[in-house]
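File shown: run20.cif. Contents: mmCIF, C-alpha atoms and all ligand atoms.
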```cif
data_input
loop_
_atom_site.label_atom_id
_atom_site.label_comp_id
_atom_site.auth_asym_id
_atom_site.auth_seq_id
_atom_site.Cartn_x
_atom_site.Cartn_y
_atom_site.Cartn_z
CA MET A 9 -22.40 -2.90 4.40
CA ARG A 10 -19.75 -4.54 2.21
CA ILE A 11 -18.07 -1.69 0.37
CA LEU A 12 -15.62 -1.88 -2.53
CA ILE A 13 -13.06 0.94 -2.59
CA THR A 14 -10.83 1.41 -5.62
CA GLY A 15 -7.59 3.35 -5.13
CA VAL A 16 -7.58 2.13 -1.52
CA ALA A 17 -3.82 2.51 -1.04
CA GLY A 18 -3.85 6.19 -1.95
CA PHE A 19 -4.21 9.30 0.18
CA ILE A 20 -8.01 9.52 0.36
CA GLY A 21 -8.71 5.79 -0.13
CA SER A 22 -6.56 4.62 2.78
CA HIS A 23 -8.17 7.05 5.24
CA LEU A 24 -11.62 6.17 3.97
CA SER A 25 -11.02 2.46 4.34
CA GLU A 26 -9.97 2.90 7.99
CA LYS A 27 -12.98 5.05 8.72
CA LEU A 28 -15.48 2.62 7.16
CA LEU A 29 -13.85 -0.35 8.91
CA SER A 30 -14.03 1.49 12.24
CA GLU A 31 -17.75 2.03 11.64
CA GLY A 32 -18.33 -1.71 11.26
CA HIS A 33 -18.41 -2.04 7.46
CA SER A 34 -16.34 -4.59 5.62
CA VAL A 35 -14.13 -3.36 2.81
CA ILE A 36 -12.83 -4.87 -0.41
CA GLY A 37 -9.90 -2.67 -1.43
CA ILE A 38 -8.41 -2.57 -4.92
CA ASP A 39 -5.19 -0.82 -5.95
CA ASN A 40 -2.42 -1.47 -8.47
CA PHE A 41 0.24 0.66 -6.72
CA ASP A 42 0.42 2.95 -9.70
CA ILE A 43 3.92 4.39 -10.16
CA PHE A 44 2.73 8.01 -9.87
CA TYR A 45 4.33 7.88 -6.42
CA SER A 46 6.09 5.28 -4.33
CA LYS A 47 4.62 1.86 -3.51
CA GLN A 48 6.41 2.09 -0.15
CA ILE A 49 4.28 5.08 0.84
CA LYS A 50 1.10 3.28 -0.27
CA LEU A 51 1.98 0.14 1.72
CA ILE A 52 2.37 2.30 4.83
CA ASN A 53 -0.98 3.94 4.04
CA LEU A 54 -2.58 0.48 3.89
CA SER A 55 -0.98 -1.07 6.96
CA LYS A 56 -3.81 -0.33 9.41
CA SER A 57 -6.53 -1.62 7.08
CA LEU A 58 -4.48 -4.74 6.31
CA SER A 59 -4.42 -5.62 10.01
CA CYS A 60 -8.21 -5.76 10.09
CA ASN A 61 -10.12 -9.01 9.42
CA ALA A 62 -12.95 -7.18 7.70
CA PHE A 63 -10.55 -5.93 5.02
CA TYR A 64 -9.77 -7.84 1.84
CA PHE A 65 -7.08 -6.41 -0.43
CA LEU A 66 -6.78 -7.14 -4.12
CA GLU A 67 -3.75 -5.87 -6.02
CA ALA A 68 -5.22 -5.25 -9.45
CA ASP A 69 -5.51 -2.74 -12.24
CA ILE A 70 -9.08 -1.46 -12.54
CA GLN A 71 -8.86 -2.04 -16.27
CA ASP A 72 -8.44 -5.77 -15.67
CA GLU A 73 -12.14 -6.48 -15.41
CA LYS A 74 -11.87 -10.22 -15.90
CA PHE A 75 -9.23 -10.67 -13.20
CA ILE A 76 -11.15 -8.57 -10.66
CA LYS A 77 -14.38 -10.47 -11.33
CA SER A 78 -12.58 -13.76 -10.81
CA LYS A 79 -11.11 -12.71 -7.46
CA ILE A 80 -14.17 -11.35 -5.65
CA THR A 81 -16.32 -13.84 -3.83
CA GLY A 82 -19.82 -12.99 -2.69
CA THR A 83 -21.14 -9.59 -3.57
CA PHE A 84 -20.87 -6.00 -2.36
CA ASP A 85 -23.40 -3.25 -1.67
CA LEU A 86 -21.67 -0.10 -2.82
CA VAL A 87 -18.58 1.05 -4.73
CA ILE A 88 -16.48 4.09 -3.87
CA HIS A 89 -14.40 4.61 -6.98
CA LEU A 90 -11.28 6.65 -6.23
CA ALA A 91 -8.65 4.93 -8.39
CA ALA A 92 -7.34 7.28 -11.02
CA LYS A 93 -4.32 8.87 -12.50
CA ALA A 94 -4.51 11.97 -10.37
CA GLY A 95 -2.77 15.29 -10.97
CA VAL A 96 -3.33 17.84 -13.64
CA MET A 97 0.20 18.24 -14.99
CA GLY A 98 0.73 14.52 -15.67
CA SER A 99 -2.39 14.52 -17.81
CA ILE A 100 -0.89 17.08 -20.14
CA LYS A 101 2.29 15.04 -20.56
CA ASN A 102 0.55 11.63 -20.82
CA PRO A 103 -3.00 12.16 -22.01
CA GLU A 104 -3.33 8.56 -23.29
CA GLU A 105 -2.61 7.08 -19.86
CA TYR A 106 -5.13 9.37 -18.19
CA ILE A 107 -7.82 8.57 -20.73
CA SER A 108 -7.29 4.83 -20.44
CA THR A 109 -7.05 4.62 -16.63
CA ASN A 110 -9.62 7.24 -15.76
CA ILE A 111 -12.21 6.54 -18.45
CA ALA A 112 -11.71 2.95 -19.68
CA GLY A 113 -10.78 1.88 -16.12
CA SER A 114 -13.92 3.50 -14.71
CA LEU A 115 -16.04 1.83 -17.37
CA SER A 116 -14.75 -1.53 -16.24
CA ILE A 117 -15.76 -0.65 -12.65
CA LEU A 118 -19.29 0.10 -13.90
CA ASN A 119 -19.33 -3.27 -15.66
CA ILE A 120 -18.05 -5.07 -12.56
CA MET A 121 -20.87 -3.46 -10.56
CA GLN A 122 -23.37 -4.81 -13.04
CA ALA A 123 -21.92 -8.31 -12.89
CA PHE A 124 -22.23 -8.28 -9.09
CA CYS A 125 -25.72 -6.68 -9.08
CA CYS A 126 -24.44 -3.66 -7.20
CA ASP A 127 -26.35 -0.46 -7.95
CA LYS A 128 -24.72 2.13 -5.66
CA LEU A 129 -21.71 4.20 -6.69
CA ILE A 130 -19.77 7.11 -5.25
CA PHE A 131 -17.37 8.54 -7.82
CA ALA A 132 -14.41 10.84 -7.11
CA SER A 133 -14.80 13.73 -9.47
CA SER A 134 -12.96 17.00 -9.12
CA SER A 135 -13.26 20.77 -8.84
CA SER A 136 -11.11 20.87 -11.98
CA VAL A 137 -14.19 20.16 -14.12
CA TYR A 138 -15.00 23.82 -13.65
CA GLY A 139 -13.03 26.04 -16.02
CA ASN A 140 -11.22 29.31 -15.58
CA GLY A 141 -14.18 31.21 -16.98
CA ASP A 142 -16.71 29.76 -14.55
CA LYS A 143 -18.28 32.06 -11.99
CA ILE A 144 -17.19 31.59 -8.37
CA PRO A 145 -18.20 30.11 -6.03
CA PHE A 146 -18.70 27.13 -8.33
CA LYS A 147 -22.18 25.63 -8.24
CA GLU A 148 -23.07 22.16 -9.42
CA GLU A 149 -25.62 23.37 -11.95
CA GLN A 150 -23.04 25.44 -13.86
CA LYS A 151 -22.34 23.88 -17.24
CA ALA A 152 -18.65 23.21 -16.52
CA ASN A 153 -17.98 22.79 -20.20
CA SER A 154 -14.56 24.44 -20.46
CA PRO A 155 -12.07 22.08 -18.77
CA VAL A 156 -8.50 23.39 -18.89
CA SER A 157 -6.73 20.02 -18.59
CA VAL A 158 -7.04 16.45 -19.87
CA TYR A 159 -7.43 15.30 -16.26
CA ALA A 160 -10.52 17.50 -15.96
CA VAL A 161 -11.87 16.06 -19.20
CA THR A 162 -11.56 12.52 -17.80
CA LYS A 163 -13.50 13.49 -14.67
CA LYS A 164 -16.24 15.28 -16.59
CA SER A 165 -16.47 12.35 -19.04
CA MET A 166 -17.00 9.96 -16.16
CA GLU A 167 -19.75 12.08 -14.69
CA LEU A 168 -21.48 11.76 -18.06
CA LEU A 169 -20.83 8.05 -18.41
CA ASN A 170 -22.18 7.56 -14.89
CA TYR A 171 -25.30 9.43 -15.97
CA SER A 172 -25.87 6.96 -18.78
CA TYR A 173 -25.58 4.02 -16.35
CA PHE A 174 -28.03 5.72 -13.99
CA ASN A 175 -30.37 6.18 -16.93
CA LEU A 176 -29.95 2.69 -18.38
CA TYR A 177 -29.77 0.59 -15.23
CA ASN A 178 -31.41 2.67 -12.47
CA TYR A 179 -28.17 3.06 -10.52
CA LYS A 180 -27.85 5.27 -7.44
CA ILE A 181 -24.88 7.54 -8.04
CA ILE A 182 -23.15 10.47 -6.38
CA ASN A 183 -20.33 12.22 -8.19
CA PHE A 184 -18.43 14.16 -5.54
CA ARG A 185 -16.39 17.07 -6.86
CA PHE A 186 -13.53 17.18 -4.35
CA PHE A 187 -11.78 20.52 -3.84
CA SER A 188 -7.99 20.28 -3.16
CA VAL A 189 -8.00 17.71 -0.39
CA TYR A 190 -5.08 17.80 2.08
CA GLY A 191 -4.02 16.23 5.36
CA PRO A 192 -1.74 13.44 6.63
CA ARG A 193 -0.63 11.06 3.82
CA LEU A 194 -1.09 13.80 1.24
CA ARG A 195 0.22 12.95 -2.22
CA PRO A 196 3.83 14.15 -2.51
CA ASP A 197 3.09 15.95 -5.80
CA LEU A 198 0.66 18.39 -4.19
CA ALA A 199 1.52 21.96 -3.21
CA ILE A 200 1.08 21.76 0.57
CA TYR A 201 3.31 18.69 0.78
CA LYS A 202 5.93 20.26 -1.49
CA PHE A 203 6.09 23.52 0.48
CA PHE A 204 6.50 21.79 3.86
CA ASP A 205 9.05 19.44 2.33
CA SER A 206 10.97 22.33 0.85
CA ALA A 207 10.94 24.23 4.14
CA TYR A 208 12.13 21.33 6.32
CA LYS A 209 14.73 20.16 3.81
CA SER A 210 15.88 23.69 2.96
CA LYS A 211 15.60 22.96 -0.73
CA PRO A 212 14.24 25.35 -3.36
CA VAL A 213 10.71 24.83 -4.62
CA ASP A 214 9.04 26.01 -7.83
CA VAL A 215 6.32 28.60 -7.23
CA TYR A 216 4.11 29.12 -10.27
CA GLY A 217 2.47 32.43 -11.10
CA ASP A 218 2.25 35.65 -9.14
CA GLY A 219 1.00 34.16 -5.86
CA LEU A 220 -2.54 35.24 -6.64
CA THR A 221 -3.86 31.87 -7.75
CA ALA A 222 -6.18 30.52 -5.08
CA ARG A 223 -7.50 27.17 -3.88
CA ASP A 224 -10.41 26.06 -1.77
CA TYR A 225 -8.49 23.56 0.39
CA THR A 226 -10.53 20.89 2.12
CA TYR A 227 -9.22 18.93 5.09
CA ILE A 228 -9.29 15.13 4.73
CA GLU A 229 -11.55 14.59 7.78
CA ASP A 230 -14.19 16.87 6.28
CA ILE A 231 -14.03 14.96 2.98
CA LEU A 232 -14.41 11.64 4.84
CA ASP A 233 -17.46 12.98 6.69
CA GLY A 234 -18.96 14.03 3.36
CA ILE A 235 -18.34 10.62 1.78
CA VAL A 236 -19.75 8.75 4.77
CA ALA A 237 -22.86 10.95 4.62
CA GLY A 238 -23.07 10.06 0.91
CA VAL A 239 -22.93 6.34 1.75
CA LYS A 240 -25.86 6.78 4.16
CA PHE A 241 -27.79 8.84 1.63
CA LEU A 242 -27.46 6.16 -1.06
CA LYS A 243 -28.24 3.35 1.37
CA GLU A 244 -31.46 4.99 2.50
CA SER A 245 -32.74 6.01 -0.92
CA GLN A 246 -35.41 3.82 -2.47
CA ASN A 247 -35.22 5.31 -5.98
CA PRO A 248 -32.50 5.71 -8.61
CA ILE A 249 -30.36 8.75 -7.90
CA TYR A 250 -27.95 10.83 -9.89
CA GLU A 251 -26.30 13.71 -8.06
CA ILE A 252 -23.25 15.90 -8.55
CA ILE A 253 -22.15 17.40 -5.23
CA ASN A 254 -19.27 19.76 -4.41
CA LEU A 255 -17.21 18.80 -1.38
CA GLY A 256 -15.14 21.84 -0.58
CA ASN A 257 -14.43 24.11 2.31
CA ASN A 258 -16.16 27.17 0.88
CA GLN A 259 -13.16 29.39 1.59
CA TYR A 260 -10.14 29.92 -0.60
CA ILE A 261 -6.61 31.04 0.15
CA PHE A 262 -4.15 32.79 -2.18
CA LEU A 263 -0.92 30.92 -2.88
CA LYS A 264 1.20 33.70 -1.37
CA ASP A 265 -0.77 33.49 1.90
CA LEU A 266 -0.57 29.71 1.94
CA ILE A 267 3.22 29.90 1.67
CA GLN A 268 3.34 32.50 4.43
CA GLN A 269 1.28 30.32 6.76
CA ILE A 270 3.55 27.34 6.08
CA GLU A 271 6.62 29.48 6.80
CA GLU A 272 5.10 30.62 10.08
CA LEU A 273 4.19 27.07 11.14
CA SER A 274 7.55 25.57 10.23
CA GLY A 275 9.52 28.64 11.34
CA ILE A 276 11.53 28.33 8.12
CA LYS A 277 11.73 30.66 5.14
CA ILE A 278 10.90 28.81 1.93
CA ILE A 279 13.44 29.17 -0.90
CA ARG A 280 11.27 30.00 -3.91
CA LYS A 281 12.07 29.50 -7.57
CA ASN A 282 9.53 31.74 -9.27
CA GLN A 283 8.11 30.26 -12.46
CA LYS A 284 5.47 31.25 -14.99
CA LEU A 285 1.95 29.96 -14.40
CA ARG A 286 1.62 26.56 -16.08
CA GLU A 287 -0.81 25.74 -18.87
CA GLY A 288 -3.70 23.70 -17.52
CA GLU A 289 -3.72 25.37 -14.07
CA MET A 290 -6.90 26.76 -12.60
CA ILE A 291 -6.63 30.37 -11.45
CA ILE A 292 -9.05 29.92 -8.58
CA THR A 293 -11.27 27.21 -7.11
CA HIS A 294 -14.07 28.05 -4.72
CA ALA A 295 -16.90 25.68 -3.81
CA ASN A 296 -20.47 26.55 -3.17
CA ILE A 297 -21.38 23.81 -0.66
CA GLU A 298 -25.07 24.52 -0.15
CA LYS A 299 -26.11 21.33 -1.94
CA ALA A 300 -23.88 19.15 0.24
CA GLN A 301 -25.23 20.93 3.31
CA ARG A 302 -28.83 20.47 2.22
CA LEU A 303 -28.67 16.84 1.06
CA LEU A 304 -26.03 15.43 3.38
CA GLY A 305 -25.78 17.76 6.37
CA TYR A 306 -22.16 18.37 5.29
CA ASN A 307 -20.47 20.98 7.42
CA PRO A 308 -16.66 21.29 7.14
CA LYS A 309 -15.00 21.75 10.51
CA PHE A 310 -11.42 22.65 9.64
CA ASN A 311 -10.30 25.99 8.27
CA ILE A 312 -6.96 26.13 6.47
CA THR A 313 -5.02 27.34 9.53
CA GLU A 314 -6.25 24.42 11.66
CA GLY A 315 -5.71 21.95 8.82
CA LEU A 316 -2.16 23.13 8.12
CA LYS A 317 -1.34 22.84 11.82
CA LYS A 318 -2.47 19.21 11.79
CA PHE A 319 -0.56 18.56 8.58
CA ASN A 320 2.58 20.06 10.12
CA GLU A 321 2.24 17.80 13.19
CA TRP A 322 1.99 14.76 10.92
CA TYR A 323 4.90 15.86 8.75
CA GLU A 324 7.14 16.34 11.81
CA LYS A 325 6.11 12.92 13.13
CA ILE A 326 6.98 11.00 9.97
CA GLY A 327 10.43 12.52 10.32
CA ASN A 328 11.03 13.85 6.82
N1 LIG B 1 -6.48 14.78 -3.58
C1 LIG B 1 -7.23 15.73 -4.13
O1 LIG B 1 -7.09 16.92 -3.85
C2 LIG B 1 -8.30 15.37 -5.13
C3 LIG B 1 -9.11 16.40 -5.65
C4 LIG B 1 -10.08 16.06 -6.58
C5 LIG B 1 -10.28 14.75 -6.96
N2 LIG B 1 -9.48 13.78 -6.45
C6 LIG B 1 -9.70 12.40 -6.88
O2 LIG B 1 -9.83 11.55 -5.74
C7 LIG B 1 -9.28 10.28 -6.03
C8 LIG B 1 -8.23 9.91 -4.98
O3 LIG B 1 -7.21 10.89 -5.01
P1 LIG B 1 -5.92 10.80 -4.08
O4 LIG B 1 -5.44 12.18 -3.87
O5 LIG B 1 -6.18 9.89 -2.94
O6 LIG B 1 -4.91 10.12 -5.11
P2 LIG B 1 -3.85 8.94 -4.90
O7 LIG B 1 -2.98 8.94 -6.11
O8 LIG B 1 -3.20 9.05 -3.57
O9 LIG B 1 -4.78 7.65 -4.90
C9 LIG B 1 -5.21 7.04 -6.09
C10 LIG B 1 -4.92 5.55 -5.96
O10 LIG B 1 -5.40 4.92 -7.15
C11 LIG B 1 -4.47 3.91 -7.50
N3 LIG B 1 -4.59 3.64 -8.93
C12 LIG B 1 -4.22 4.44 -9.96
N4 LIG B 1 -4.43 3.82 -11.13
C13 LIG B 1 -4.98 2.61 -10.83
C14 LIG B 1 -5.41 1.51 -11.61
N5 LIG B 1 -5.33 1.53 -12.94
N6 LIG B 1 -5.91 0.42 -10.98
C15 LIG B 1 -6.00 0.38 -9.62
N7 LIG B 1 -5.58 1.39 -8.82
C16 LIG B 1 -5.08 2.49 -9.43
C17 LIG B 1 -3.12 4.48 -7.14
O11 LIG B 1 -2.13 3.47 -6.95
C18 LIG B 1 -3.43 5.24 -5.85
O12 LIG B 1 -3.16 4.45 -4.71
C19 LIG B 1 -8.74 10.36 -7.45
O13 LIG B 1 -9.73 9.88 -8.33
C20 LIG B 1 -8.54 11.84 -7.68
O14 LIG B 1 -8.62 12.17 -9.04
C21 LIG B 1 -8.50 14.05 -5.54
#
```
Structure translated into structure tokens:
Amino acid sequence: MRILITGVAGFIGSHLSEKLLSEGHSVIGIDNFDIFYSKQIKLINLSKSLSCNAFYFLEADIQDEKFIKSKITGTFDLVIHLAAKAGVMGSIKNPEEYISTNIAGSLSILNIMQAFCCDKLIFASSSSVYGNGDKIPFKEEQKANSPVSVYAVTKKSMELLNYSYFNLYNYKIINFRFFSVYGPRLRPDLAIYKFFDSAYKSKPVDVYGDGLTARDYTYIEDILDGIVAGVKFLKESQNPIYEIINLGNNQYIFLKDLIQQIEELSGIKIIRKNQKLREGEMIITHANIEKAQRLLGYNPKFNITEGLKKFNEWYEKIGN
């Protein structure tokens, strides 16, 4: 297949591009090197894909619909839309930017699909659409109507906008709700990266709350397997599809235990600066993954201990 990936230079996008290329697909990758973190890191993320003939890279903002349309020749079979302003805290400081990139930008991707007669979409939604009052483990059919951050609102809004395109134009769509993805190339703003970084550089790190917040961390390879299964599912389906599917690990870990595991792996005591829990933070995330198992045969292979070990190996190798 010819697959268009937005946000291809990011953490998940760059791994996904390599995986799809290795499976014989060709990839059109779009990214604007958003300043959320360094372009240098994103260029390194992209280097392997860039060395592949079946990869075409377009530096563009997803909101620039006209420019993107003018630069793509031929057509494509499926879009995996990952480009976004990611991160919950940024969305509270800059709600306008999150609304325009994540909602208006996504709308332009839907329009580009239409112009190229592409009817298959995988959209990166998030566990954050569930609110603090939602029952755990989170199930897709829960209403998820109490988002605690603007970021969550943008993801929920896109799930709804995607529904209207499914309804109007018979698209085939999966909205994957990713649960705290981690692994090599992790975004530097995320907790696991920050704790390892703090340990190895012996610098203090902010720790929010009482250590009893919890996350369902999902290793990158499991997420990639889920997405690839989603690609196959959409390819094989004859009819319009609209699905929301959790991709999590189905196990959560408390923050205090996460920090302890990182200290044990690195052999270094983390210098903590204890802070109050921030507005907009989820208390706990926990995925019910039965739907992913049933529809896609999804079966995460890495528990947090194995995943952290692999992350640690990568972190030591990049020499931070
Ligand atoms: N990492 C997680 O734990 C997690 C959890 C839930 C959902 N998600 C979602 O998955 C997707 C990928 O996340 P990630 O962790 O790889 O983030 P990332 O920041 O590493 O990747 C996102 C990429 O999108 C690009 N981008 C941002 N704005 C753009 C624009 N206007 N035009 C073109 N490109 C743009 C960025 O430059 C970046 O390379 C995001 O949509 C995110 O919201 C991630």
**Sel. within 12 Å of pt (-19.5, 0.3, 7.0), counting all atoms listed in the file, output as a PyMOL selection string** = chain A and resi 9-13+24-36+62-63+84-88+235-237+239-240+243
Polymer residues at most 9 Å from A:Ala94, only C-alpha atoms, same-chain spacing of 5 or more positions, as a compact mmCIF listing (two decimals) with C-alpha atoms, keeping the file's coordinate frame:
```txt
# COMPACT_ATOMS: atom_id res chain seq x y z
CA PHE A 44 2.73 8.01 -9.87
CA SER A 99 -2.39 14.52 -17.81
CA TYR A 106 -5.13 9.37 -18.19
CA ASN A 110 -9.62 7.24 -15.76
CA TYR A 159 -7.43 15.30 -16.26
```
**Item:** Protein and nucleic residues near ligand LIG 1 (chain B), 7 Å, only C-alpha atoms and all ligand atoms, as a ChimeraX atom specification
**Value:** /A:14-21,38-44,50,68-71,90-95,109,113,132-135,185-190,194-195
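Using all atoms listed in the file, the shortest contact distance between A:Thr162 and any of A:Gly141, A:Gly191, A:Tyr201, A:Ile107 is found at A:Ile107.
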**Prompt:** Please, what distance in Å, to one decimal, runs between atom CA of A:Tyr306 and atom CA of A:His89?
**Reply:** 20.0 Å
**Request:** Select, from A:Ile111, A:Ile261, A:Ile80, A:Ile278, the residue with the minimum atom-to-atom distance to A:Phe204, counting only C-alpha atoms.
**Result:** A:Ile278
**Message:** When you look at A:Ser210 with a cut-off of 9 Å (counting all atoms listed in the file), what residues show up, excluding the ones that are within fewer than 2 positions of it in the same chain? I need them as a list in words.
**Reply:** Asp205, Ser206, Ala207, Tyr208, Pro212, Ile276, Lys277, Ile278 and Ile279 of chain A
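Here atom CA of A:Tyr225 stands at a distance of 23.8 Å from atom CA of A:Ser165.
Taking atom CA of A:Val96 and atom CA of A:Ala152 as the two end points, the separation is 16.5 Å.
Here the question is which of A:Ile326, A:Ile200, A:Ile130, A:Leu66 gets nearest to A:Leu54 using all atoms listed in the file, and that residue is A:Leu66.
With distances restricted to all atoms listed in the file, A:Asp214 is the closest residue to A:Leu198 from A:Phe75, A:Asp214, A:Gly275, A:Asp233.
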**Closest of A:Glu272, A:Glu251, A:Glu229, A:Glu67 to A:Lys299 - atom-to-atom distances counting only C-alpha atoms** = A:Glu251
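Considering all atoms listed in the file, the residue among A:Glu105, A:Lys79, A:Leu316, A:Ala222 positioned nearest to A:Glu289 is A:Ala222.
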**Asked** Residues around (-7.7, 23.3, -13.2), cut-off 10 Å, counting only C-alpha atoms - what are they as a list in words?
**Response** Gly95, Val96, Met97, Ser134, Ser135, Ser136, Val137, Tyr138, Gly139, Asn140, Pro155, Val156, Ser157, Val158, Tyr159, Ala160, Glu287, Gly288, Glu289, Met290, Ile291, Ile292 and Thr293 of chain A
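For A:Gln259, the non-local neighbours within 12 Å, defined as residues at least 5 positions apart in the same chain or in other chains and counting all atoms listed in the file, are Ile144, Pro145, Phe146, Phe187, Ser188, Ala222, Arg223, Asp224, Tyr225, Thr226, Tyr227, Ile292, Thr293, His294, Ala295, Asn296, Ile297, Pro308, Lys309, Phe310, Asn311, Ile312 and Thr313 of chain A.
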Copy stretch 80-91 of chain A out of the block into a file, keeping N, CA and C atoms, as a CSV table (one decimal), in the first residue's frame.
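Resulting contents of part-v3.csv:
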```csv
chain,number,residue,atom,x,y,z
A,80,ILE,N,1.9,16.4,-3.7
A,80,ILE,CA,1.8,14.9,-3.7
A,80,ILE,C,1.4,14.5,-5.1
A,81,THR,N,2.2,13.6,-5.7
A,81,THR,CA,1.8,13.1,-7.0
A,81,THR,C,1.2,11.7,-6.8
A,82,GLY,N,0.4,11.3,-7.7
A,82,GLY,CA,-0.3,10.0,-7.6
A,82,GLY,C,-1.3,10.1,-6.5
A,83,THR,N,-1.7,8.9,-6.0
A,83,THR,CA,-2.6,8.9,-4.8
A,83,THR,C,-2.0,8.1,-3.7
A,84,PHE,N,-2.8,7.9,-2.7
A,84,PHE,CA,-2.4,7.0,-1.6
A,84,PHE,C,-3.6,6.3,-1.1
A,85,ASP,N,-3.4,5.2,-0.4
A,85,ASP,CA,-4.5,4.3,0.0
A,85,ASP,C,-5.0,4.5,1.4
A,86,LEU,N,-4.2,5.0,2.3
A,86,LEU,CA,-4.6,5.1,3.7
A,86,LEU,C,-3.8,6.2,4.3
A,87,VAL,N,-4.4,6.9,5.3
A,87,VAL,CA,-3.7,7.9,6.1
A,87,VAL,C,-3.6,7.5,7.5
A,88,ILE,N,-2.4,7.7,8.1
A,88,ILE,CA,-2.2,7.5,9.5
A,88,ILE,C,-1.9,8.9,10.1
A,89,HIS,N,-2.8,9.5,10.8
A,89,HIS,CA,-2.7,10.9,11.1
A,89,HIS,C,-2.3,11.0,12.6
A,90,LEU,N,-1.0,11.3,12.7
A,90,LEU,CA,-0.3,11.4,14.0
A,90,LEU,C,0.1,12.8,14.4
A,91,ALA,N,0.2,13.7,13.4
A,91,ALA,CA,0.7,15.1,13.7
A,91,ALA,C,-0.3,15.8,14.6
```
